[in-house]
>>> print(open('model34.cif').read())   # mmCIF, C-alpha atoms and all ligand atoms
data_run
#
loop_
_atom_site.label_atom_id
_atom_site.label_comp_id
_atom_site.auth_asym_id
_atom_site.auth_seq_id
_atom_site.Cartn_x
_atom_site.Cartn_y
_atom_site.Cartn_z
CA MET D 237 17.43 32.30 9.14
CA PRO D 238 14.54 33.92 7.25
CA LYS D 239 11.15 32.44 8.14
CA LEU D 240 9.75 29.53 6.13
CA SER D 241 6.08 29.07 5.24
CA ASP D 242 3.65 28.10 8.01
CA ARG D 243 2.57 25.26 5.75
CA VAL D 244 5.80 23.27 6.11
CA GLY D 245 5.38 23.21 9.86
CA THR D 246 2.02 21.46 9.62
CA PHE D 247 3.11 18.03 8.43
CA THR D 248 6.06 15.69 8.87
CA ASP D 249 8.05 13.81 6.30
CA SER D 250 6.45 10.56 5.18
CA VAL D 251 6.91 7.96 7.93
CA ILE D 252 6.61 5.22 5.28
CA ARG D 253 9.56 6.55 3.36
CA ARG D 254 11.48 7.40 6.56
CA MET D 255 11.23 3.76 7.64
CA THR D 256 12.76 2.74 4.32
CA ARG D 257 15.74 5.01 4.93
CA ILE D 258 16.26 3.65 8.46
CA SER D 259 15.84 0.09 7.19
CA ASP D 260 18.42 0.60 4.44
CA ALA D 261 20.85 2.19 6.88
CA CYS D 262 20.51 -0.84 9.21
CA GLY D 263 20.45 -3.54 6.53
CA ALA D 264 17.04 -4.83 7.65
CA ILE D 265 14.49 -6.58 5.44
CA ASN D 266 12.28 -3.73 4.34
CA LEU D 267 8.59 -4.54 4.56
CA SER D 268 7.70 -0.90 5.23
CA GLN D 269 7.39 1.08 1.98
CA GLY D 270 5.49 -1.13 -0.44
CA PHE D 271 7.39 -2.11 -3.56
CA PRO D 272 8.35 -5.45 -5.09
CA ASP D 273 11.83 -6.98 -4.96
CA PHE D 274 11.30 -8.75 -8.27
CA ASP D 275 11.81 -7.48 -11.82
CA PRO D 276 9.21 -5.91 -14.05
CA PRO D 277 7.98 -8.05 -16.97
CA ARG D 278 10.74 -8.83 -19.49
CA GLU D 279 8.87 -7.04 -22.29
CA LEU D 280 9.15 -3.73 -20.43
CA LEU D 281 12.87 -4.19 -19.85
CA ASP D 282 13.46 -4.96 -23.53
CA ALA D 283 11.42 -1.93 -24.54
CA LEU D 284 13.41 0.23 -22.12
CA ALA D 285 16.70 -0.95 -23.63
CA ASP D 286 15.37 -0.11 -27.06
CA VAL D 287 14.25 3.34 -25.96
CA ALA D 288 17.78 4.05 -24.70
CA TYR D 289 18.99 4.14 -28.31
CA HIS D 290 15.90 5.22 -30.20
CA GLY D 291 14.34 7.71 -27.80
CA PRO D 292 12.36 9.68 -27.01
CA HIS D 293 14.61 11.53 -24.60
CA GLN D 294 12.98 14.95 -24.65
CA TYR D 295 9.71 16.13 -23.14
CA SER D 296 6.53 14.43 -24.18
CA VAL D 297 3.29 16.39 -24.49
CA THR D 298 2.83 17.79 -20.99
CA PHE D 299 -0.25 15.68 -20.17
CA GLY D 300 1.28 12.49 -21.57
CA ALA D 301 2.71 11.03 -24.78
CA GLU D 302 0.00 10.37 -27.34
CA ASN D 303 0.69 6.63 -27.75
CA PHE D 304 0.82 6.20 -23.96
CA ARG D 305 -2.53 7.94 -23.49
CA GLU D 306 -4.07 5.95 -26.32
CA ALA D 307 -2.93 2.69 -24.74
CA LEU D 308 -4.19 3.87 -21.35
CA ALA D 309 -7.55 4.83 -22.83
CA ARG D 310 -7.93 1.31 -24.24
CA LYS D 311 -6.94 -0.46 -21.02
CA ALA D 312 -8.81 1.78 -18.58
CA GLY D 313 -11.78 2.10 -20.95
CA LEU D 314 -12.30 -1.67 -20.67
CA SER D 315 -12.53 -1.55 -16.89
CA LEU D 316 -14.66 1.60 -16.84
CA GLY D 317 -16.96 0.26 -19.54
CA ARG D 318 -16.77 3.42 -21.64
CA VAL D 319 -14.84 4.80 -24.58
CA LEU D 320 -12.28 7.19 -23.10
CA ASP D 321 -10.99 10.16 -25.06
CA PRO D 322 -7.18 10.04 -24.70
CA ASP D 323 -6.87 13.75 -25.54
CA LYS D 324 -9.55 15.09 -23.26
CA GLU D 325 -10.09 12.72 -20.35
CA ILE D 326 -6.60 11.52 -19.32
CA VAL D 327 -3.71 13.33 -17.63
CA VAL D 328 -0.45 11.42 -17.25
CA THR D 329 1.37 12.32 -14.02
CA CYS D 330 4.53 11.52 -12.06
CA GLY D 331 3.12 8.54 -10.21
CA GLY D 332 -0.20 8.11 -8.48
CA THR D 333 1.20 10.54 -5.90
CA GLU D 334 1.08 13.47 -8.30
CA ALA D 335 -2.28 12.33 -9.68
CA MET D 336 -3.78 12.55 -6.17
CA MET D 337 -2.17 15.90 -5.39
CA CYS D 338 -3.29 17.24 -8.74
CA ALA D 339 -6.86 15.98 -8.20
CA VAL D 340 -7.15 17.56 -4.75
CA MET D 341 -5.63 20.87 -5.94
CA THR D 342 -7.98 20.90 -8.92
CA VAL D 343 -11.06 20.46 -6.72
CA CYS D 344 -10.31 22.29 -3.45
CA ASN D 345 -9.99 25.92 -2.49
CA PRO D 346 -8.17 26.85 0.73
CA GLY D 347 -10.64 26.27 3.56
CA ASP D 348 -12.68 23.64 1.70
CA ARG D 349 -13.48 20.39 3.48
CA ILE D 350 -12.60 16.96 2.12
CA ILE D 351 -13.74 13.59 3.52
CA VAL D 352 -10.98 11.07 4.17
CA PHE D 353 -11.53 7.57 5.53
CA SER D 354 -9.32 6.56 8.45
CA PRO D 355 -7.07 4.56 8.24
CA PHE D 356 -5.76 6.37 5.17
CA TYR D 357 -2.65 6.39 3.02
CA GLU D 358 -0.53 9.09 4.65
CA ASN D 359 -0.13 11.18 1.47
CA TYR D 360 -3.77 12.30 1.66
CA GLY D 361 -3.07 14.37 4.79
CA ALA D 362 -0.30 16.25 3.01
CA ASP D 363 -2.40 16.52 -0.18
CA ALA D 364 -5.10 18.26 1.84
CA ILE D 365 -2.69 20.56 3.70
CA LEU D 366 -0.81 21.59 0.55
CA SER D 367 -4.15 22.40 -1.10
CA GLY D 368 -5.35 24.28 1.98
CA ALA D 369 -8.23 21.83 2.48
CA ASP D 370 -9.43 20.56 5.87
CA PRO D 371 -9.97 16.82 6.15
CA ILE D 372 -13.10 15.40 7.79
CA TYR D 373 -12.20 11.88 8.89
CA VAL D 374 -14.67 9.01 8.76
CA PRO D 375 -13.52 5.81 10.50
CA LEU D 376 -13.28 2.47 8.74
CA VAL D 377 -14.03 0.22 11.68
CA PRO D 378 -12.06 -3.03 12.20
CA PRO D 379 -12.25 -5.97 11.86
CA HIS D 380 -14.09 -5.54 8.53
CA TYR D 381 -13.29 -1.87 8.07
CA ASP D 382 -16.95 -1.00 7.56
CA PHE D 383 -18.08 2.61 7.74
CA ASP D 384 -21.13 4.49 8.89
CA LEU D 385 -22.74 6.08 5.84
CA GLY D 386 -24.38 8.61 8.15
CA LEU D 387 -20.95 9.99 9.02
CA VAL D 388 -20.11 10.32 5.32
CA GLU D 389 -23.35 12.24 4.82
CA ASP D 390 -22.50 14.45 7.82
CA GLY D 391 -19.24 15.30 6.07
CA PHE D 392 -21.05 16.30 2.89
CA ARG D 393 -23.58 18.27 4.97
CA GLN D 394 -20.65 20.20 6.40
CA GLY D 395 -19.88 21.19 2.81
CA ALA D 396 -17.17 18.69 1.83
CA LYS D 397 -16.21 19.26 -1.80
CA ALA D 398 -14.97 15.71 -2.25
CA ILE D 399 -14.38 12.34 -0.65
CA ILE D 400 -11.17 10.37 -1.14
CA VAL D 401 -11.72 6.64 -1.62
CA CYS D 402 -8.64 4.43 -1.71
CA ASN D 403 -9.88 1.22 -3.28
CA PRO D 404 -8.41 -1.33 -2.64
CA SER D 405 -7.49 0.45 0.51
CA ASN D 406 -3.99 1.07 1.82
CA PRO D 407 -3.23 0.12 4.63
CA CYS D 408 -6.24 -2.03 5.68
CA GLY D 409 -6.74 -3.97 2.44
CA LYS D 410 -10.46 -3.20 2.25
CA VAL D 411 -12.08 -3.64 -1.15
CA PHE D 412 -15.18 -1.44 -1.38
CA THR D 413 -18.25 -3.29 -2.62
CA ARG D 414 -20.45 -2.07 -5.44
CA GLN D 415 -23.15 -1.29 -2.84
CA GLU D 416 -20.77 0.79 -0.73
CA LEU D 417 -19.50 2.71 -3.74
CA THR D 418 -23.04 3.27 -5.01
CA ALA D 419 -24.07 4.64 -1.61
CA ILE D 420 -21.05 7.00 -1.55
CA GLY D 421 -21.75 7.98 -5.16
CA ASP D 422 -25.41 8.74 -4.38
CA LEU D 423 -24.27 11.14 -1.66
CA ALA D 424 -21.76 12.77 -4.00
CA LEU D 425 -24.60 13.34 -6.47
CA LYS D 426 -26.99 14.57 -3.76
CA TYR D 427 -24.47 17.10 -2.42
CA ASP D 428 -22.88 17.86 -5.81
CA ALA D 429 -19.43 16.76 -4.72
CA PHE D 430 -16.56 14.77 -6.21
CA VAL D 431 -15.35 11.25 -5.49
CA ILE D 432 -11.56 11.14 -5.84
CA THR D 433 -10.41 7.55 -6.05
CA ASP D 434 -6.95 6.07 -5.60
CA GLU D 435 -7.04 2.74 -7.44
CA VAL D 436 -3.35 1.90 -7.68
CA TYR D 437 -3.99 -1.61 -6.27
CA GLU D 438 -6.85 -2.33 -8.70
CA HIS D 439 -5.24 -5.57 -9.87
CA LEU D 440 -4.24 -6.79 -6.40
CA VAL D 441 -7.65 -8.03 -5.31
CA TYR D 442 -8.23 -11.43 -3.73
CA ALA D 443 -11.21 -13.65 -4.60
CA PRO D 444 -14.09 -13.53 -3.96
CA ASN D 445 -13.62 -9.74 -3.81
CA VAL D 446 -13.79 -7.81 -7.07
CA HIS D 447 -12.61 -4.34 -7.94
CA VAL D 448 -15.34 -1.93 -9.00
CA PRO D 449 -14.08 1.40 -10.37
CA ALA D 450 -16.32 4.16 -9.00
CA ALA D 451 -16.29 5.95 -12.37
CA SER D 452 -17.96 2.90 -13.95
CA LEU D 453 -21.09 3.23 -11.80
CA PRO D 454 -24.22 4.46 -13.59
CA GLY D 455 -24.59 8.24 -13.50
CA LEU D 456 -21.35 8.86 -11.59
CA TRP D 457 -18.83 9.58 -14.36
CA GLU D 458 -19.18 13.38 -14.11
CA HIS D 459 -18.40 13.25 -10.38
CA VAL D 460 -15.38 10.94 -10.25
CA ILE D 461 -11.67 11.64 -10.62
CA THR D 462 -9.90 8.29 -10.89
CA CYS D 463 -6.23 8.30 -9.86
CA ASN D 464 -4.05 5.37 -10.74
CA SER D 465 -0.51 4.32 -11.51
CA LEU D 466 1.54 1.72 -13.33
CA SER D 467 3.79 1.19 -10.30
CA LYS D 468 2.14 -1.83 -8.74
CA THR D 469 0.57 -3.27 -11.87
CA TYR D 470 3.89 -3.64 -13.72
CA SER D 471 6.30 -3.64 -10.73
CA ILE D 472 7.84 -0.31 -11.79
CA THR D 473 7.46 1.92 -8.73
CA GLY D 474 10.64 3.83 -9.63
CA TRP D 475 9.40 4.78 -13.09
CA ARG D 476 6.92 7.23 -11.57
CA LEU D 477 4.15 6.76 -14.10
CA GLY D 478 0.66 7.64 -12.94
CA TYR D 479 -2.45 9.15 -14.40
CA LEU D 480 -5.83 10.55 -13.66
CA ILE D 481 -9.03 10.03 -15.58
CA ALA D 482 -11.83 12.57 -15.35
CA PRO D 483 -14.55 14.20 -17.42
CA GLU D 484 -13.18 16.72 -19.89
CA ALA D 485 -13.99 19.89 -17.92
CA VAL D 486 -12.14 18.51 -14.87
CA ALA D 487 -9.25 16.99 -16.82
CA GLU D 488 -8.62 20.29 -18.64
CA CYS D 489 -8.07 22.03 -15.28
CA ALA D 490 -6.04 19.13 -13.88
CA LYS D 491 -3.79 19.44 -16.96
CA LYS D 492 -2.97 23.02 -15.97
CA VAL D 493 -2.14 22.06 -12.38
CA HIS D 494 -0.02 19.16 -13.57
CA ASP D 495 1.80 21.26 -16.18
CA PHE D 496 3.04 23.75 -13.59
CA LEU D 497 3.78 21.11 -10.94
CA THR D 498 5.97 18.79 -13.00
CA VAL D 499 5.57 19.53 -16.76
CA GLY D 500 5.41 15.83 -17.46
CA ALA D 501 6.18 12.26 -16.57
CA PRO D 502 9.44 10.85 -18.01
CA SER D 503 8.96 10.38 -21.76
CA PRO D 504 11.39 7.44 -22.23
CA LEU D 505 9.59 5.51 -19.51
CA GLN D 506 6.16 6.25 -20.96
CA GLU D 507 7.40 4.88 -24.29
CA ALA D 508 8.78 1.72 -22.68
CA ALA D 509 5.62 1.12 -20.64
CA VAL D 510 3.24 1.15 -23.62
CA VAL D 511 3.98 -2.53 -24.20
CA GLY D 512 2.69 -3.26 -20.68
CA LEU D 513 -0.53 -1.33 -21.20
CA ASN D 514 -1.13 -3.51 -24.25
CA PHE D 515 -0.73 -6.80 -22.36
CA PRO D 516 -3.64 -9.23 -22.74
CA PRO D 517 -5.99 -9.95 -19.78
CA SER D 518 -3.97 -13.07 -18.93
CA TYR D 519 -1.17 -10.82 -17.61
CA TYR D 520 -3.46 -9.35 -14.95
CA ASP D 521 -4.81 -12.79 -14.06
CA GLY D 522 -1.21 -13.92 -13.56
CA LEU D 523 -0.43 -10.92 -11.36
CA GLN D 524 -3.47 -11.58 -9.23
CA ALA D 525 -2.55 -15.26 -8.90
CA LEU D 526 1.03 -14.34 -7.94
CA TYR D 527 -0.07 -11.97 -5.20
CA THR D 528 -2.82 -14.31 -3.97
CA GLU D 529 -0.13 -16.93 -3.47
CA LYS D 530 2.13 -14.45 -1.66
CA ARG D 531 -0.68 -13.26 0.57
CA ASP D 532 -1.73 -16.79 1.52
CA TYR D 533 1.87 -17.85 2.06
CA PHE D 534 2.76 -14.89 4.25
CA LEU D 535 -0.44 -14.98 6.29
CA ALA D 536 0.02 -18.72 6.86
CA GLY D 537 3.53 -17.92 8.16
CA LEU D 538 2.14 -15.31 10.55
CA ASP D 539 -0.51 -17.80 11.73
CA ARG D 540 2.13 -20.48 12.29
CA ILE D 541 4.10 -18.26 14.67
CA GLY D 542 0.92 -16.89 16.28
CA LEU D 543 1.18 -13.25 15.24
CA LYS D 544 -2.30 -11.72 14.98
CA HIS D 545 -3.20 -9.91 11.76
CA ASN D 546 -6.06 -8.82 9.50
CA VAL D 547 -6.86 -10.61 6.25
CA PRO D 548 -6.55 -8.09 3.41
CA GLN D 549 -9.15 -8.33 0.61
CA GLY D 550 -6.77 -6.43 -1.66
CA THR D 551 -3.36 -4.61 -1.78
CA TYR D 552 -0.12 -6.21 -0.60
CA PHE D 553 -0.36 -4.94 2.97
CA VAL D 554 -1.23 -6.65 6.22
CA LEU D 555 -1.84 -5.01 9.60
CA VAL D 556 -0.21 -6.92 12.44
CA ASP D 557 -1.25 -6.57 16.08
CA ILE D 558 1.66 -5.70 18.39
CA GLY D 559 -0.55 -4.99 21.42
CA ASP D 560 0.78 -7.99 23.38
CA PHE D 561 4.37 -6.80 23.02
CA LEU D 562 3.56 -3.31 24.24
CA THR D 563 2.35 -4.76 27.56
CA LEU D 564 5.83 -6.21 28.26
CA PRO D 565 7.92 -4.24 30.77
CA GLN D 566 10.75 -3.76 28.28
CA PHE D 567 8.42 -1.84 25.95
CA ARG D 568 6.77 0.29 28.64
CA GLY D 569 6.16 3.76 27.22
CA TYR D 570 6.96 2.65 23.66
CA THR D 571 4.93 4.15 20.84
CA ASP D 572 4.32 2.04 17.75
CA LEU D 573 6.96 4.18 16.02
CA ALA D 574 9.50 3.41 18.76
CA PHE D 575 8.57 -0.28 18.46
CA CYS D 576 9.15 -0.21 14.69
CA GLU D 577 12.53 1.45 15.18
CA TRP D 578 13.42 -1.16 17.80
CA MET D 579 12.27 -3.91 15.42
CA ILE D 580 14.51 -2.69 12.61
CA THR D 581 17.66 -2.91 14.72
CA ASN D 582 16.76 -5.89 16.92
CA VAL D 583 14.67 -8.10 14.65
CA GLY D 584 15.92 -6.93 11.26
CA VAL D 585 12.47 -6.33 9.81
CA ALA D 586 11.12 -2.90 8.91
CA ALA D 587 7.41 -2.08 9.26
CA VAL D 588 5.34 1.11 9.25
CA PRO D 589 3.72 2.17 12.55
CA GLY D 590 -0.07 2.04 12.29
CA SER D 591 -0.40 5.52 13.81
CA SER D 592 0.82 6.95 10.48
CA PHE D 593 -2.46 5.85 8.95
CA PHE D 594 -5.07 6.37 11.65
CA ARG D 595 -6.74 9.56 12.77
CA GLU D 596 -7.93 7.70 15.87
CA ASP D 597 -5.57 6.90 18.71
CA VAL D 598 -4.34 3.54 17.41
CA SER D 599 -0.95 2.44 18.69
CA ASP D 600 -1.03 -1.34 18.57
CA LEU D 601 -0.79 -2.03 14.84
CA ILE D 602 2.07 -2.12 12.38
CA ARG D 603 1.87 -2.49 8.59
CA LEU D 604 3.94 -5.04 6.70
CA HIS D 605 3.89 -5.65 2.95
CA PHE D 606 4.44 -8.96 1.22
CA ALA D 607 5.63 -7.95 -2.27
CA ARG D 608 8.72 -10.07 -1.72
CA GLU D 609 10.18 -13.32 -3.05
CA LYS D 610 9.23 -16.38 -1.00
CA ASP D 611 12.76 -16.81 0.41
CA THR D 612 12.61 -13.33 1.84
CA LEU D 613 9.17 -13.94 3.31
CA ASP D 614 10.53 -17.15 4.90
CA GLU D 615 13.39 -15.20 6.44
CA VAL D 616 10.95 -12.58 7.76
CA ILE D 617 8.82 -15.26 9.41
CA ASP D 618 11.96 -16.80 11.01
CA ARG D 619 12.95 -13.40 12.40
CA LEU D 620 9.43 -12.66 13.64
CA ALA D 621 9.32 -16.12 15.26
CA LYS D 622 12.25 -14.98 17.42
CA LEU D 623 10.29 -11.87 18.28
CA MET D 624 7.39 -14.07 19.40
CA GLU D 625 9.67 -15.75 21.92
CA LEU D 626 9.48 -12.55 23.98
CA LEU D 627 5.87 -13.40 24.70
CA LYS D 628 6.61 -16.86 26.10
N1 LIG D 701 2.05 3.12 -1.63
C1 LIG D 701 3.28 2.64 -1.07
C2 LIG D 701 3.15 2.42 0.42
O1 LIG D 701 2.17 2.77 1.02
C3 LIG D 701 4.43 3.56 -1.28
C4 LIG D 701 4.21 4.64 -2.24
C5 LIG D 701 5.24 5.69 -2.12
O2 LIG D 701 6.06 5.69 -1.19
N2 LIG D 701 5.16 6.61 -3.03
O3 LIG D 701 4.05 1.90 1.00
#
>>> encode(input="model34.cif", output="structure tokens", more="lines below")
Ligand code: GLN
Amino acid sequence: MPKLSDRVGTFTDSVIRRMTRISDACGAINLSQGFPDFDPPRELLDALADVAYHGPHQYSVTFGAENFREALARKAGLSLGRVLDPDKEIVVTCGGTEAMMCAVMTVCNPGDRIIVFSPFYENYGADAILSGADPIYVPLVPPHYDFDLGLVEDGFRQGAKAIIVCNPSNPCGKVFTRQELTAIGDLALKYDAFVITDEVYEHLVYAPNVHVPAASLPGLWEHVITCNSLSKTYSITGWRLGYLIAPEAVAECAKKVHDFLTVGAPSPLQEAAVVGLNFPPSYYDGLQALYTEKRDYFLAGLDRIGLKHNVPQGTYFVLVDIGDFLTLPQFRGYTDLAFCEWMITNVGVAAVPGSSFFREDVSDLIRLHFAREKDTLDEVIDRLAKLMELLK
């Protein structure tokens, strides 16, 4: 066979999405790849039905349909506290995934450094590799997932062009405080670098934590590329609607990258989603209340059966400690990945091994998500209770 690129040998497929395939094949309850099992809001479904007959069905403007960008500018402008120009400062992408890839490709040359917190959402590794950039990892240290600002500064001193900030953070659920973001932003200004944020969980934040968009901080607008998506906010992960927001000079270049990567996000789905972008604030309050209830319910279930876990400040993920199981003779030599595969077939619950997210040698955590109906969460707790019996 002719030789393939060196690049494709430097990363694996996504373990998150691999676990979904294994879970589906085994008929397990899938708490690995994060997506809800409930329907999007009725208004979006009605709009989608309408679009089926009235269109559009052809390409939209490459960087997003005009009405979709206008609605986005209104919604995101409120949270950023500025008037956004829908023509010049927004690029609509195929999911937050493309927004992130597009942002990193727009900023980095091959050989550039980029700071990534660890644990990190696994896409960032591939984003860096595909852009030719070298990650500098800075640990978020459990139990509170704090970081050492000195290490961030070291990264910038080594010439990092950008720092990726996932806020709220997948997989550890950290919500960065205004002080933390200001400190990171000050360094980005000092070293003339970018802050690339992934804010797809912006509305899944649990009180008393609050989401602060980095681009809203005084003096930072010119240095921030905000990546986001409609997937989690409107329960439409399959629609693949994402976007990035950046100052005009950056957005103009991101538009070019995006145009040649994917041409555009699906126009019928942009049209149907406009109604969601125009929802009143009460919708987002309701979403937050719904997920707060799910988080509290699921964590209470884990506590009841005695499974140790972190308490996420945001996102719909929880990291569960499997260290005690790995000391049992039957799991001798098991990696967290092997444990997750065992769990799918023997417990009927799919999780993501923590090692997919950590640069450090972490093998005793797995990630579960709780974007599931209560009945399903009950069933998961019942199955995990049987798992706990191994420890007795
Ligand atoms: N963000 C989700 C997760 O971490 C999945 C996103 C995706 O697979 N594109 O599970």
>>> residues_around(input="model34.cif", residues="Leu453 (chain D)", least_positions_apart="4", cutoff="10 Å", atoms="all atoms listed in the file", output="PyMOL selection string")
chain D and resi 316-317+414+417-418+421+448-449+457+460
>>> residues_near_point(input="model34.cif", point="(10.1, -7.7, -20.1)", cutoff="10 Å", atoms="only C-alpha atoms", output="PyMOL selection string")
chain D and resi 275-284+470+508-509+511-512
>>> closest_residue(input="model34.cif", among="D:Lys410, D:Arg318, D:His605, D:Lys628", to="Asp273 (chain D)", atoms="all atoms listed in the file")
D:His605
>>> closest_residue(input="model34.cif", among="D:His494, D:Phe392, D:Asp321, D:Pro548", to="Phe412 (chain D)", atoms="all atoms listed in the file")
D:Pro548
>>> residues_around(input="model34.cif", residues="Tyr373 (chain D)", least_positions_apart="6", cutoff="7 Å", atoms="only C-alpha atoms", output="list of chain:residue names")
D:Ile351, D:Val352, D:Phe353, D:Ser354
>>> closest_residue(input="model34.cif", among="D:Gly559, D:Pro375, D:Pro292, D:Pro404", to="ligand LIG 701 (chain D)", atoms="only C-alpha atoms and all ligand atoms")
D:Pro404
>>> residues_near_ligand(input="model34.cif", ligand="ligand LIG 701 (chain D)", cutoff="8 Å", atoms="only C-alpha atoms and all ligand atoms", output="ChimeraX atom specification")
/D:252-253,268-271,331-333,357-358,406-407,473,605
>>> closest_residue(input="model34.cif", among="D:Trp475, D:Phe594, D:Tyr520, D:Phe247", to="Leu440 (chain D)", atoms="all atoms listed in the file")
D:Tyr520
>>> atom_distance(input="model34.cif", atom1="CA of Val588 (chain D)", atom2="CA of Ile617 (chain D)")
16.7 Å
>>> residues_around(input="model34.cif", residues="Tyr479 (chain D)", least_positions_apart="5", cutoff="12 Å", atoms="all atoms listed in the file", output="mmCIF file with C-alpha atoms, in the coordinates of the input")
data_model
loop_
_atom_site.group_PDB
_atom_site.id
_atom_site.type_symbol
_atom_site.label_atom_id
_atom_site.label_comp_id
_atom_site.auth_asym_id
_atom_site.auth_seq_id
_atom_site.Cartn_x
_atom_site.Cartn_y
_atom_site.Cartn_z
ATOM 1 C CA PHE D 299 -0.250 15.680 -20.170
ATOM 2 C CA GLY D 300 1.280 12.490 -21.570
ATOM 3 C CA ALA D 301 2.710 11.030 -24.780
ATOM 4 C CA PHE D 304 0.820 6.200 -23.960
ATOM 5 C CA ARG D 305 -2.530 7.940 -23.490
ATOM 6 C CA LEU D 308 -4.190 3.870 -21.350
ATOM 7 C CA ALA D 309 -7.550 4.830 -22.830
ATOM 8 C CA ALA D 312 -8.810 1.780 -18.580
ATOM 9 C CA PRO D 322 -7.180 10.040 -24.700
ATOM 10 C CA GLU D 325 -10.090 12.720 -20.350
ATOM 11 C CA ILE D 326 -6.600 11.520 -19.320
ATOM 12 C CA VAL D 327 -3.710 13.330 -17.630
ATOM 13 C CA VAL D 328 -0.450 11.420 -17.250
ATOM 14 C CA THR D 329 1.370 12.320 -14.020
ATOM 15 C CA CYS D 330 4.530 11.520 -12.060
ATOM 16 C CA GLY D 331 3.120 8.540 -10.210
ATOM 17 C CA GLY D 332 -0.200 8.110 -8.480
ATOM 18 C CA THR D 333 1.200 10.540 -5.900
ATOM 19 C CA GLU D 334 1.080 13.470 -8.300
ATOM 20 C CA ALA D 335 -2.280 12.330 -9.680
ATOM 21 C CA MET D 336 -3.780 12.550 -6.170
ATOM 22 C CA MET D 337 -2.170 15.900 -5.390
ATOM 23 C CA CYS D 338 -3.290 17.240 -8.740
ATOM 24 C CA ALA D 339 -6.860 15.980 -8.200
ATOM 25 C CA THR D 433 -10.410 7.550 -6.050
ATOM 26 C CA ASP D 434 -6.950 6.070 -5.600
ATOM 27 C CA GLU D 435 -7.040 2.740 -7.440
ATOM 28 C CA VAL D 436 -3.350 1.900 -7.680
ATOM 29 C CA ILE D 461 -11.670 11.640 -10.620
ATOM 30 C CA THR D 462 -9.900 8.290 -10.890
ATOM 31 C CA CYS D 463 -6.230 8.300 -9.860
ATOM 32 C CA ASN D 464 -4.050 5.370 -10.740
ATOM 33 C CA SER D 465 -0.510 4.320 -11.510
ATOM 34 C CA LEU D 466 1.540 1.720 -13.330
ATOM 35 C CA SER D 467 3.790 1.190 -10.300
ATOM 36 C CA ALA D 487 -9.250 16.990 -16.820
ATOM 37 C CA ALA D 490 -6.040 19.130 -13.880
ATOM 38 C CA LYS D 491 -3.790 19.440 -16.960
ATOM 39 C CA HIS D 494 -0.020 19.160 -13.570
ATOM 40 C CA GLY D 500 5.410 15.830 -17.460
ATOM 41 C CA ALA D 501 6.180 12.260 -16.570
ATOM 42 C CA GLN D 506 6.160 6.250 -20.960
#
>>> closest_residue(input="model34.cif", among="D:Leu620, D:Leu376, D:Arg540, D:Asp323", to="Val583 (chain D)", atoms="all atoms listed in the file")
D:Leu620
>>> closest_residue(input="model34.cif", among="D:Tyr295, D:Phe430, D:Tyr437, D:Phe575", to="Ile602 (chain D)", atoms="all atoms listed in the file")
D:Phe575
>>> residues_near_point(input="model34.cif", point="(-25.4, 1.6, 3.4)", cutoff="10 Å", atoms="all atoms listed in the file", output="ChimeraX atom specification")
/D:382-386,415-420
>>> atom_distance(input="model34.cif", atom1="CA of Met255 (chain D)", atom2="CA of Val616 (chain D)")
16.3 Å
>>> atom_distance(input="model34.cif", atom1="CA of Leu480 (chain D)", atom2="CA of His439 (chain D)")
16.6 Å
>>> residues_around(input="model34.cif", residues="Asp614 (chain D)", least_positions_apart="4", cutoff="9 Å", atoms="all atoms listed in the file", output="MDAnalysis selection string")
chainID D and resid 534 537 609:610 618:619
>>> residues_around(input="model34.cif", residues="Gly409 (chain D)", least_positions_apart="3", cutoff="9 Å", atoms="all atoms listed in the file", output="list in words")
Tyr381, Asn403, Pro404, Ser405, Asn406, Val441, Asn546, Val547, Pro548, Gln549, Gly550, Thr551, Tyr552, Phe553, Val554 and Leu555 of chain D
>>> write_last_selection(input="model34.cif", atoms="C-alpha atoms", output="mmCIF file, in the frame of the given file")
data_model
loop_
_atom_site.group_PDB
_atom_site.id
_atom_site.type_symbol
_atom_site.label_atom_id
_atom_site.label_comp_id
_atom_site.auth_asym_id
_atom_site.auth_seq_id
_atom_site.Cartn_x
_atom_site.Cartn_y
_atom_site.Cartn_z
ATOM 1 C CA TYR D 381 -13.290 -1.870 8.070
ATOM 2 C CA ASN D 403 -9.880 1.220 -3.280
ATOM 3 C CA PRO D 404 -8.410 -1.330 -2.640
ATOM 4 C CA SER D 405 -7.490 0.450 0.510
ATOM 5 C CA ASN D 406 -3.990 1.070 1.820
ATOM 6 C CA VAL D 441 -7.650 -8.030 -5.310
ATOM 7 C CA ASN D 546 -6.060 -8.820 9.500
ATOM 8 C CA VAL D 547 -6.860 -10.610 6.250
ATOM 9 C CA PRO D 548 -6.550 -8.090 3.410
ATOM 10 C CA GLN D 549 -9.150 -8.330 0.610
ATOM 11 C CA GLY D 550 -6.770 -6.430 -1.660
ATOM 12 C CA THR D 551 -3.360 -4.610 -1.780
ATOM 13 C CA TYR D 552 -0.120 -6.210 -0.600
ATOM 14 C CA PHE D 553 -0.360 -4.940 2.970
ATOM 15 C CA VAL D 554 -1.230 -6.650 6.220
ATOM 16 C CA LEU D 555 -1.840 -5.010 9.600
#
>>> axis_aligned_box(input="model34.cif", around="region 421-430 of chain D", padding_each_side="8 Å", output="lines of an AutoDock Vina configuration file")
center_x = -21.8
center_y = 12.9
center_z = -4.1
size_x = 26.4
size_y = 25.9
size_z = 20.8
